[in-house]
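Undergrad: The structure file coords-v9.cif (mmCIF, C-alpha atoms) is provided below.
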```cif
data_model
#
loop_
_atom_site.label_atom_id
_atom_site.label_comp_id
_atom_site.auth_asym_id
_atom_site.auth_seq_id
_atom_site.Cartn_x
_atom_site.Cartn_y
_atom_site.Cartn_z
CA MET A 234 58.82 180.18 241.19
CA ILE A 235 60.13 176.91 239.87
CA LEU A 236 56.63 175.47 239.66
CA ASP A 237 55.43 178.48 237.68
CA LEU A 238 58.32 177.96 235.20
CA ILE A 239 57.45 174.26 234.73
CA ASP A 240 53.77 175.11 234.15
CA HIS A 241 54.76 177.73 231.57
CA LEU A 242 56.99 175.25 229.64
CA ARG A 243 54.22 172.67 229.67
CA ASP A 244 51.77 175.17 228.23
CA LEU A 245 54.26 176.00 225.47
CA VAL A 246 54.80 172.32 224.51
CA VAL A 247 51.09 171.46 224.54
CA GLY A 248 50.22 174.58 222.60
CA GLY A 249 52.94 173.91 219.96
CA TYR A 250 51.84 170.30 219.45
CA TYR A 251 48.24 171.45 219.08
CA ARG A 252 49.15 174.03 216.48
CA LEU A 253 51.34 171.48 214.61
CA SER A 254 48.53 168.94 214.58
CA LEU A 255 46.22 171.58 213.12
CA ALA A 256 48.75 172.55 210.40
CA LEU A 257 49.49 168.98 209.17
CA PRO A 258 46.77 166.71 207.79
CA PRO A 259 46.40 163.28 209.33
CA GLU A 260 48.62 160.55 207.81
CA PRO A 261 46.88 157.89 205.69
CA ALA A 262 46.79 154.36 206.91
CA ASN A 263 49.05 153.09 204.09
CA PHE A 264 51.64 155.85 204.44
CA ASN A 265 55.11 154.24 204.09
CA TYR A 266 57.43 157.18 204.67
CA ASP A 267 58.96 157.39 201.15
CA ARG A 268 59.80 153.71 201.06
CA LYS A 269 59.40 151.52 197.92
CA PRO A 270 55.90 150.26 197.18
CA VAL A 271 54.99 147.10 198.96
CA ILE A 272 55.12 144.05 196.68
CA ASP A 273 52.17 141.90 197.21
CA ILE A 274 53.36 138.29 196.92
CA THR A 275 50.45 135.99 197.07
CA LEU A 276 50.46 132.26 197.50
CA ASP A 277 48.70 131.89 194.15
CA LYS A 278 51.89 132.66 192.21
CA ALA A 279 53.88 129.99 194.04
CA THR A 280 51.05 127.54 193.40
CA ASN A 281 51.07 128.39 189.66
CA LEU A 282 54.82 127.81 189.45
CA LYS A 283 54.48 124.40 191.06
CA GLN A 284 51.63 123.54 188.72
CA LYS A 285 53.67 124.54 185.63
CA GLU A 286 56.60 122.48 186.91
CA ARG A 287 54.36 119.45 187.27
CA GLU A 288 53.02 119.99 183.74
CA LEU A 289 56.55 120.16 182.31
CA GLN A 290 57.51 116.98 184.12
CA ALA A 291 54.41 115.24 182.77
CA LYS A 292 55.24 116.34 179.20
CA GLU A 293 58.83 115.14 179.58
CA ALA A 294 57.63 111.76 180.82
CA GLU A 295 55.23 111.53 177.87
CA LEU A 296 58.02 112.28 175.40
CA LYS A 297 60.23 109.61 176.96
CA ARG A 298 57.39 107.12 176.77
CA ARG A 299 56.81 107.86 173.09
CA GLU A 300 60.53 107.57 172.32
CA GLU A 301 60.60 104.16 174.01
CA GLU A 302 57.55 103.05 172.01
CA VAL A 303 59.13 104.17 168.72
CA LYS A 304 62.37 102.40 169.63
CA LYS A 305 60.52 99.19 170.45
CA LYS A 306 58.65 99.36 167.14
CA GLU A 307 61.89 99.87 165.23
CA GLU A 308 63.48 96.90 167.00
CA ALA A 309 60.43 94.75 166.25
CA LEU A 310 60.55 95.74 162.58
CA ALA A 311 64.28 94.98 162.46
CA ARG A 312 63.69 91.52 163.94
CA ALA A 313 61.00 90.97 161.32
CA GLY A 314 63.41 91.94 158.55
CA VAL A 315 61.86 95.36 157.90
CA PHE A 316 64.22 98.33 158.14
CA LEU A 317 63.42 102.03 157.98
CA ASP A 318 65.97 103.62 155.69
CA VAL A 319 66.15 107.07 157.27
CA LYS A 320 68.71 109.32 155.64
CA ASN A 321 71.51 109.94 158.12
CA TRP A 322 74.80 110.20 156.17
CA PRO A 323 76.76 112.39 155.83
CA PRO A 324 75.75 113.99 159.14
CA PHE A 325 76.02 117.58 157.87
CA PHE A 326 73.83 116.89 154.79
CA PRO A 327 72.11 113.48 154.95
CA ILE A 328 71.45 111.99 151.52
CA ILE A 329 71.69 108.22 152.16
CA HIS A 330 70.94 105.75 154.94
CA HIS A 331 74.07 104.23 156.45
CA ASP A 332 74.37 102.58 159.88
CA ILE A 333 76.87 99.72 159.81
CA ALA A 334 77.37 99.63 163.58
CA ASN A 335 73.69 98.94 164.36
CA GLU A 336 72.39 97.09 161.28
CA ILE A 337 75.24 94.93 160.00
CA PRO A 338 76.32 91.80 161.94
CA ASP A 339 79.51 92.18 163.96
CA TYR A 340 81.46 89.61 161.95
CA LEU A 341 80.84 91.63 158.77
CA HIS A 342 81.74 95.05 160.15
CA ARG A 343 85.30 95.06 158.86
CA THR A 344 84.42 93.89 155.36
CA GLN A 345 81.50 96.30 155.14
CA TYR A 346 83.65 99.24 156.25
CA VAL A 347 86.31 98.35 153.66
CA ALA A 348 83.61 98.04 150.98
CA PHE A 349 82.37 101.48 151.94
CA SER A 350 85.96 102.69 151.72
CA THR A 351 86.15 101.37 148.16
CA TYR A 352 83.03 103.38 147.31
CA LEU A 353 84.52 106.54 148.81
CA GLY A 354 87.82 105.67 147.10
CA LEU A 355 86.04 105.48 143.75
CA VAL A 356 84.55 108.93 144.38
CA LEU A 357 88.05 110.23 145.14
CA CYS A 358 89.53 108.56 142.05
CA LEU A 359 86.91 110.03 139.73
CA PHE A 360 87.22 113.47 141.32
CA TRP A 361 91.00 113.41 140.96
CA ASN A 362 90.52 112.20 137.40
CA VAL A 363 88.55 115.38 136.67
CA ILE A 364 91.37 117.49 138.12
CA ALA A 365 94.11 115.67 136.19
CA VAL A 366 92.22 115.72 132.90
CA SER A 367 91.37 119.40 133.43
CA THR A 368 95.07 120.26 133.70
CA ALA A 369 95.79 118.28 130.53
CA SER A 370 92.90 120.00 128.77
CA ILE A 371 94.18 123.43 129.79
CA LYS A 372 97.63 122.54 128.48
CA GLY A 373 96.19 121.82 125.04
CA ALA A 374 94.94 118.23 125.12
CA GLY A 375 91.47 119.31 124.03
CA ILE A 376 88.08 119.80 125.64
CA GLY A 377 86.73 116.38 124.66
CA ILE A 378 88.65 114.46 127.32
CA TRP A 379 87.39 116.92 129.95
CA PHE A 380 83.77 116.19 129.01
CA LEU A 381 84.49 112.46 129.26
CA ALA A 382 85.97 112.90 132.75
CA ILE A 383 82.88 114.84 133.84
CA ILE A 384 80.62 112.09 132.48
CA TYR A 385 82.60 109.43 134.38
CA PHE A 386 82.19 111.37 137.61
CA VAL A 387 78.50 112.30 137.20
CA LEU A 388 77.47 108.76 136.26
CA GLY A 389 80.01 106.82 138.30
CA VAL A 390 79.35 108.21 141.78
CA PRO A 391 75.58 107.59 141.99
CA GLY A 392 75.82 104.53 139.74
CA ALA A 393 78.31 102.78 142.04
CA TYR A 394 76.12 103.42 145.07
CA LEU A 395 72.91 102.23 143.44
CA LEU A 396 74.33 99.26 141.53
CA TRP A 397 76.72 97.62 143.99
CA TYR A 398 77.20 99.34 147.35
CA ARG A 399 73.56 99.59 148.42
CA PRO A 400 72.81 96.01 147.28
CA LEU A 401 75.82 94.83 149.30
CA TYR A 402 74.67 96.77 152.37
CA ARG A 403 71.18 95.31 152.17
CA ALA A 404 72.50 91.83 151.41
CA CYS A 405 74.65 91.86 154.55
CA ARG A 406 71.78 93.26 156.57
CA LYS A 407 69.24 90.62 155.53
CA ASP A 408 71.42 87.79 154.14
CA SER A 409 69.65 88.16 150.79
CA THR A 410 70.95 85.76 148.15
CA PHE A 411 69.45 87.79 145.30
CA LYS A 412 71.14 91.00 146.44
CA PHE A 413 74.45 89.17 146.89
CA GLY A 414 74.21 87.98 143.28
CA TRP A 415 73.40 91.52 142.11
CA PHE A 416 76.39 92.84 144.04
CA PHE A 417 78.83 90.29 142.56
CA ILE A 418 77.80 91.11 138.98
CA PHE A 419 78.18 94.88 139.25
CA TYR A 420 81.19 94.77 141.56
CA MET A 421 83.02 92.75 138.95
CA ILE A 422 82.12 95.45 136.43
CA HIS A 423 83.48 98.01 138.92
CA ILE A 424 86.79 96.13 139.21
CA CYS A 425 87.07 95.86 135.41
CA PHE A 426 86.43 99.59 135.14
CA CYS A 427 89.21 100.31 137.67
CA ILE A 428 91.65 98.05 135.80
CA PHE A 429 90.75 99.78 132.53
CA ALA A 430 91.28 103.18 134.16
CA LEU A 431 94.69 102.34 135.63
CA VAL A 432 95.89 101.03 132.25
CA ALA A 433 94.15 103.73 130.15
CA PRO A 434 94.50 102.17 126.67
CA PRO A 435 94.28 104.71 123.85
CA ILE A 436 90.67 103.99 122.89
CA PHE A 437 88.73 107.10 123.94
CA GLY A 438 90.54 110.41 123.49
CA GLN A 439 93.92 108.65 123.13
CA GLY A 440 93.41 107.30 126.64
CA LEU A 441 93.90 110.74 128.19
CA SER A 442 90.44 110.75 129.81
CA PHE A 443 91.87 108.40 132.48
CA PRO A 444 95.07 108.85 134.53
CA GLY A 445 96.36 105.37 133.73
CA ILE A 446 99.94 104.22 133.33
CA LEU A 447 99.96 104.57 129.53
CA SER A 448 98.42 108.05 129.54
CA ALA A 449 100.68 109.11 132.43
CA LEU A 450 103.81 108.10 130.52
CA TYR A 451 102.53 109.82 127.39
CA VAL A 452 101.71 113.07 129.22
CA MET A 453 104.94 113.02 131.27
CA SER A 454 107.01 113.03 128.09
CA ARG A 455 105.30 116.26 127.02
CA ASN A 456 104.54 118.09 130.25
CA ALA A 457 106.02 116.98 133.58
CA PHE A 458 103.58 119.06 135.64
CA VAL A 459 100.52 117.39 134.10
CA GLY A 460 102.29 114.03 134.25
CA ILE A 461 102.52 114.28 138.05
CA PHE A 462 98.73 114.63 138.27
CA TYR A 463 98.30 111.58 136.05
CA PHE A 464 100.71 109.45 138.08
CA VAL A 465 98.89 110.37 141.30
CA GLY A 466 95.63 109.29 139.69
CA PHE A 467 97.29 106.06 138.56
CA GLY A 468 98.30 105.33 142.17
CA LEU A 469 94.76 106.00 143.40
CA PHE A 470 93.22 103.61 140.89
CA CYS A 471 95.80 100.95 141.79
CA ALA A 472 94.87 101.17 145.48
CA GLU A 473 91.17 101.13 144.58
CA THR A 474 91.59 98.01 142.47
CA LEU A 475 93.52 96.11 145.14
CA LEU A 476 91.00 96.96 147.88
CA SER A 477 88.10 96.00 145.62
CA ILE A 478 89.65 92.59 144.88
CA TRP A 479 90.09 92.02 148.63
CA VAL A 480 86.43 92.92 149.28
CA ILE A 481 85.01 90.63 146.60
CA GLN A 482 87.14 87.73 147.86
CA LYS A 483 85.89 88.22 151.42
CA MET A 484 82.27 88.54 150.35
CA TYR A 485 82.49 85.49 148.10
CA ARG A 486 83.88 83.39 150.95
CA TYR A 487 81.13 84.63 153.23
CA PHE A 488 78.49 83.92 150.56
CA ARG A 489 79.80 80.38 150.08
CA GLY A 490 79.70 79.93 153.85
CA ILE A 491 76.03 80.90 153.88
CA GLY A 492 75.33 78.36 151.13
CA LYS A 493 77.17 75.59 152.95
CA ALA A 494 75.35 76.35 156.19
CA ALA A 495 71.99 76.23 154.37
CA ASP A 496 72.92 72.92 152.72
CA ALA A 497 73.93 71.49 156.10
CA LYS A 498 70.60 72.53 157.61
CA ARG A 499 68.67 70.97 154.73
CA SER A 500 70.70 67.75 154.98
CA ALA A 501 70.08 67.57 158.72
CA ALA A 502 66.35 68.11 158.20
CA ARG A 503 66.22 65.37 155.57
CA GLY A 504 68.14 63.04 157.90
CA ARG A 505 65.69 63.66 160.74
CA ALA A 506 62.75 63.11 158.42
CA MET A 507 64.18 59.79 157.12
CA ALA A 508 64.89 58.65 160.67
CA ALA A 509 61.34 59.46 161.71
CA ILE A 510 59.94 57.50 158.73
CA ALA A 511 62.19 54.48 159.41
CA SER A 512 61.17 54.34 163.03
#
```
Would you write out, as structure tokens, the structure that this file holds?
TA:
Amino acid sequence: MILDLIDHLRDLVVGGYYRLSLALPPEPANFNYDRKPVIDITLDKATNLKQKERELQAKEAELKRREEEVKKKEEALARAGVFLDVKNWPPFFPIIHHDIANEIPDYLHRTQYVAFSTYLGLVLCLFWNVIAVSTASIKGAGIGIWFLAIIYFVLGVPGAYLLWYRPLYRACRKDSTFKFGWFFIFYMIHICFCIFALVAPPIFGQGLSFPGILSALYVMSRNAFVGIFYFVGFGLFCAETLLSIWVIQKMYRYFRGIGKAADAKRSAARGRAMAAIAS
């Protein structure tokens, strides 16, 4: 009885599996049971990444090598007295070449920086002069003095750089006697201009085109507000004049020192030559 029941259950299981196998098609070999597709990661991709990394490293090494070559060439040119005037100042809009720290000797750094300050101070003085004269012109002093102030600013700013600051920079960089002489001539003109501006004699436009002491006193007696602008300009030109006198004294002493050193070298050479002839 029990054996018959077991045989009957076995027939049912075998028969059900057979019918199920007939109803369902066979599964494909790549059937993945609703899983995500298999990502085929080959060794070629890893090899390509390593190759690209090596190429980038080679390019970086080449760039470093070229930078070193350019730097060596620049240093060689500097030793030979040839400088590449690449525009680098001001940093946000380079219009001139200016590199005191790397091109000017250490013992001239302070004087060169103060000389550059006098150039920037002149720019400030002329700009403030335009503001002061503009206020006076608005208050009824006339449009003529305003045009004169604009002319001073437009001609003075580039003129000062080209006529005395750049020659001084190049003279200190190369110890050029000719450029030192050029600087002394035009820097003296600059100092005379500053003295004329801080006095402001009534020659052009009753002296109101400059914020000097005479024009400041004249304007103060008529309009205190405009007079304040003129007195501020007077103070700026005073400071500019004093700094400029300090700079020209320092540069003249340095220039005389160069001359004395050259004379000493020539005297020593003549002495050695005479000693060699006598012996």
Undergrad: Which residues of stretch 401-461 of chain A sit at most 12 Å from stretch 467-474 of chain A, using all atoms listed in the file? Give each one's shortest atom pair and distance in Å (one decimal place), in chain and ascending residue order, as JSON lines.
TA:
```
{"residue": "A:Tyr420", "atom": "CA", "partner": "A:Thr474", "partner_atom": "CA", "distance": 10.9}
{"residue": "A:Met421", "atom": "CA", "partner": "A:Thr474", "partner_atom": "CA", "distance": 10.7}
{"residue": "A:Ile422", "atom": "CA", "partner": "A:Thr474", "partner_atom": "CA", "distance": 11.5}
{"residue": "A:His423", "atom": "CA", "partner": "A:Thr474", "partner_atom": "CA", "distance": 8.9}
{"residue": "A:Ile424", "atom": "CA", "partner": "A:Thr474", "partner_atom": "CA", "distance": 6.1}
{"residue": "A:Cys425", "atom": "CA", "partner": "A:Thr474", "partner_atom": "CA", "distance": 8.7}
{"residue": "A:Phe426", "atom": "CA", "partner": "A:Thr474", "partner_atom": "CA", "distance": 9.1}
{"residue": "A:Cys427", "atom": "CA", "partner": "A:Thr474", "partner_atom": "CA", "distance": 5.8}
{"residue": "A:Ile428", "atom": "CA", "partner": "A:Thr474", "partner_atom": "CA", "distance": 6.7}
{"residue": "A:Phe429", "atom": "CA", "partner": "A:Phe470", "partner_atom": "CA", "distance": 9.5}
{"residue": "A:Ala430", "atom": "CA", "partner": "A:Phe470", "partner_atom": "CA", "distance": 7.0}
{"residue": "A:Leu431", "atom": "CA", "partner": "A:Phe467", "partner_atom": "CA", "distance": 5.4}
{"residue": "A:Val432", "atom": "CA", "partner": "A:Phe467", "partner_atom": "CA", "distance": 8.2}
{"residue": "A:Ala433", "atom": "CA", "partner": "A:Phe467", "partner_atom": "CA", "distance": 9.3}
{"residue": "A:Leu441", "atom": "CA", "partner": "A:Phe467", "partner_atom": "CA", "distance": 11.9}
{"residue": "A:Phe443", "atom": "CA", "partner": "A:Phe467", "partner_atom": "CA", "distance": 8.5}
{"residue": "A:Pro444", "atom": "CA", "partner": "A:Phe467", "partner_atom": "CA", "distance": 5.4}
{"residue": "A:Gly445", "atom": "CA", "partner": "A:Phe467", "partner_atom": "CA", "distance": 5.0}
{"residue": "A:Ile446", "atom": "CA", "partner": "A:Phe467", "partner_atom": "CA", "distance": 6.1}
{"residue": "A:Leu447", "atom": "CA", "partner": "A:Phe467", "partner_atom": "CA", "distance": 9.5}
{"residue": "A:Ser448", "atom": "CA", "partner": "A:Phe467", "partner_atom": "CA", "distance": 9.3}
{"residue": "A:Ala449", "atom": "CA", "partner": "A:Phe467", "partner_atom": "CA", "distance": 7.6}
{"residue": "A:Leu450", "atom": "CA", "partner": "A:Phe467", "partner_atom": "CA", "distance": 10.6}
{"residue": "A:Gly460", "atom": "CA", "partner": "A:Phe467", "partner_atom": "CA", "distance": 10.3}
{"residue": "A:Ile461", "atom": "CA", "partner": "A:Phe467", "partner_atom": "CA", "distance": 9.8}
```
Undergrad: Generate the output file for the selected residues, C-alpha atoms, as a short mmCIF file (atom, residue, chain, number, x, y, z; two decimals), in the frame of the given file.
TA:
```cif
data_model
loop_
_atom_site.label_atom_id
_atom_site.label_comp_id
_atom_site.auth_asym_id
_atom_site.auth_seq_id
_atom_site.Cartn_x
_atom_site.Cartn_y
_atom_site.Cartn_z
CA TYR A 420 81.19 94.77 141.56
CA MET A 421 83.02 92.75 138.95
CA ILE A 422 82.12 95.45 136.43
CA HIS A 423 83.48 98.01 138.92
CA ILE A 424 86.79 96.13 139.21
CA CYS A 425 87.07 95.86 135.41
CA PHE A 426 86.43 99.59 135.14
CA CYS A 427 89.21 100.31 137.67
CA ILE A 428 91.65 98.05 135.80
CA PHE A 429 90.75 99.78 132.53
CA ALA A 430 91.28 103.18 134.16
CA LEU A 431 94.69 102.34 135.63
CA VAL A 432 95.89 101.03 132.25
CA ALA A 433 94.15 103.73 130.15
CA LEU A 441 93.90 110.74 128.19
CA PHE A 443 91.87 108.40 132.48
CA PRO A 444 95.07 108.85 134.53
CA GLY A 445 96.36 105.37 133.73
CA ILE A 446 99.94 104.22 133.33
CA LEU A 447 99.96 104.57 129.53
CA SER A 448 98.42 108.05 129.54
CA ALA A 449 100.68 109.11 132.43
CA LEU A 450 103.81 108.10 130.52
CA GLY A 460 102.29 114.03 134.25
CA ILE A 461 102.52 114.28 138.05
#
```
Undergrad: Can you list, as a PDB file with C-alpha atoms, keeping the file's coordinate frame, every protein, DNA or RNA residue that comes within 12 Å of A:Lys412 when you count all atoms listed in the file, leaving out same-chain residues fewer than 5 positions away?
TA:
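Listing of result.pdb after writing:
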```pdb
ATOM      1  CA  LEU A 395      72.910 102.230 143.440  1.00  0.00           C
ATOM      2  CA  LEU A 396      74.330  99.260 141.530  1.00  0.00           C
ATOM      3  CA  TRP A 397      76.720  97.620 143.990  1.00  0.00           C
ATOM      4  CA  TYR A 398      77.200  99.340 147.350  1.00  0.00           C
ATOM      5  CA  ARG A 399      73.560  99.590 148.420  1.00  0.00           C
ATOM      6  CA  PRO A 400      72.810  96.010 147.280  1.00  0.00           C
ATOM      7  CA  LEU A 401      75.820  94.830 149.300  1.00  0.00           C
ATOM      8  CA  TYR A 402      74.670  96.770 152.370  1.00  0.00           C
ATOM      9  CA  ARG A 403      71.180  95.310 152.170  1.00  0.00           C
ATOM     10  CA  ALA A 404      72.500  91.830 151.410  1.00  0.00           C
ATOM     11  CA  CYS A 405      74.650  91.860 154.550  1.00  0.00           C
ATOM     12  CA  ARG A 406      71.780  93.260 156.570  1.00  0.00           C
ATOM     13  CA  LYS A 407      69.240  90.620 155.530  1.00  0.00           C
ATOM     14  CA  PHE A 417      78.830  90.290 142.560  1.00  0.00           C
ATOM     15  CA  ILE A 418      77.800  91.110 138.980  1.00  0.00           C
ATOM     16  CA  PHE A 419      78.180  94.880 139.250  1.00  0.00           C
ATOM     17  CA  TYR A 420      81.190  94.770 141.560  1.00  0.00           C
ATOM     18  CA  PHE A 488      78.490  83.920 150.560  1.00  0.00           C
TER      19      PHE A 488
END
```
Undergrad: For atom CA of A:Leu359 and atom CA of A:Phe386, determine how far apart the two atoms are, in Å to one decimal place.
TA: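 Separating atom CA of A:Leu359 from atom CA of A:Phe386 is a distance of 5.3 Å.
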Undergrad: Write out as a PDB file with C-alpha atoms, in the coordinates of the input which residues come within 9 Å of A:Ala365 when counting only C-alpha atoms, dropping same-chain ones fewer than 3 positions away.
TA:
```pdb
ATOM      1  CA  PHE A 360      87.220 113.470 141.320  1.00  0.00           C
ATOM      2  CA  TRP A 361      91.000 113.410 140.960  1.00  0.00           C
ATOM      3  CA  ASN A 362      90.520 112.200 137.400  1.00  0.00           C
ATOM      4  CA  THR A 368      95.070 120.260 133.700  1.00  0.00           C
ATOM      5  CA  ALA A 369      95.790 118.280 130.530  1.00  0.00           C
ATOM      6  CA  SER A 370      92.900 120.000 128.770  1.00  0.00           C
ATOM      7  CA  SER A 442      90.440 110.750 129.810  1.00  0.00           C
ATOM      8  CA  PHE A 443      91.870 108.400 132.480  1.00  0.00           C
ATOM      9  CA  PRO A 444      95.070 108.850 134.530  1.00  0.00           C
ATOM     10  CA  VAL A 459     100.520 117.390 134.100  1.00  0.00           C
ATOM     11  CA  GLY A 460     102.290 114.030 134.250  1.00  0.00           C
ATOM     12  CA  ILE A 461     102.520 114.280 138.050  1.00  0.00           C
ATOM     13  CA  PHE A 462      98.730 114.630 138.270  1.00  0.00           C
ATOM     14  CA  TYR A 463      98.300 111.580 136.050  1.00  0.00           C
ATOM     15  CA  VAL A 465      98.890 110.370 141.300  1.00  0.00           C
ATOM     16  CA  GLY A 466      95.630 109.290 139.690  1.00  0.00           C
TER      17      GLY A 466
END
```
Undergrad: Output the residue selection produced by the PyMOL selection byres ((chain A and resi 343) around 12) on the file above, formatted as a list in words.
TA: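 On the file shown, the PyMOL selection byres ((chain A and resi 343) around 12) covers Ile333, Ala334, Ile337, Pro338, Asp339, Tyr340, Leu341, His342, Thr344, Gln345, Tyr346, Val347, Ala348, Phe349, Ser350, Cys405, Trp479, Val480, Lys483 and Met484 of chain A.
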Undergrad: Using all atoms listed in the file, find the one residue out of A:Arg287, A:Lys292, A:Asn456, A:Pro391 that sits nearest to A:Ile371.
TA: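 Among the listed residues, the smallest separation from A:Ile371 belongs to A:Asn456.
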Undergrad: Do you have the atom CA of A:Gly389-atom CA of A:Ile328 distance handy?
TA: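 Computing it gives 16.6 Å between the two atoms.
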Undergrad: If I put a ball of radius 10 Å at (82.4, 109.6, 136.1) in the file's coordinates, which residues poke into it when counting all atoms listed in the file, written as a tab-separated table (two decimals) with C-alpha atoms, in the coordinates of the input?
TA:
```
chain	number	residue	atom	x	y	z
A	355	LEU	CA	86.04	105.48	143.75
A	356	VAL	CA	84.55	108.93	144.38
A	358	CYS	CA	89.53	108.56	142.05
A	359	LEU	CA	86.91	110.03	139.73
A	360	PHE	CA	87.22	113.47	141.32
A	362	ASN	CA	90.52	112.20	137.40
A	363	VAL	CA	88.55	115.38	136.67
A	380	PHE	CA	83.77	116.19	129.01
A	381	LEU	CA	84.49	112.46	129.26
A	382	ALA	CA	85.97	112.90	132.75
A	383	ILE	CA	82.88	114.84	133.84
A	384	ILE	CA	80.62	112.09	132.48
A	385	TYR	CA	82.60	109.43	134.38
A	386	PHE	CA	82.19	111.37	137.61
A	387	VAL	CA	78.50	112.30	137.20
A	388	LEU	CA	77.47	108.76	136.26
A	389	GLY	CA	80.01	106.82	138.30
A	390	VAL	CA	79.35	108.21	141.78
A	391	PRO	CA	75.58	107.59	141.99
A	392	GLY	CA	75.82	104.53	139.74
A	393	ALA	CA	78.31	102.78	142.04
```
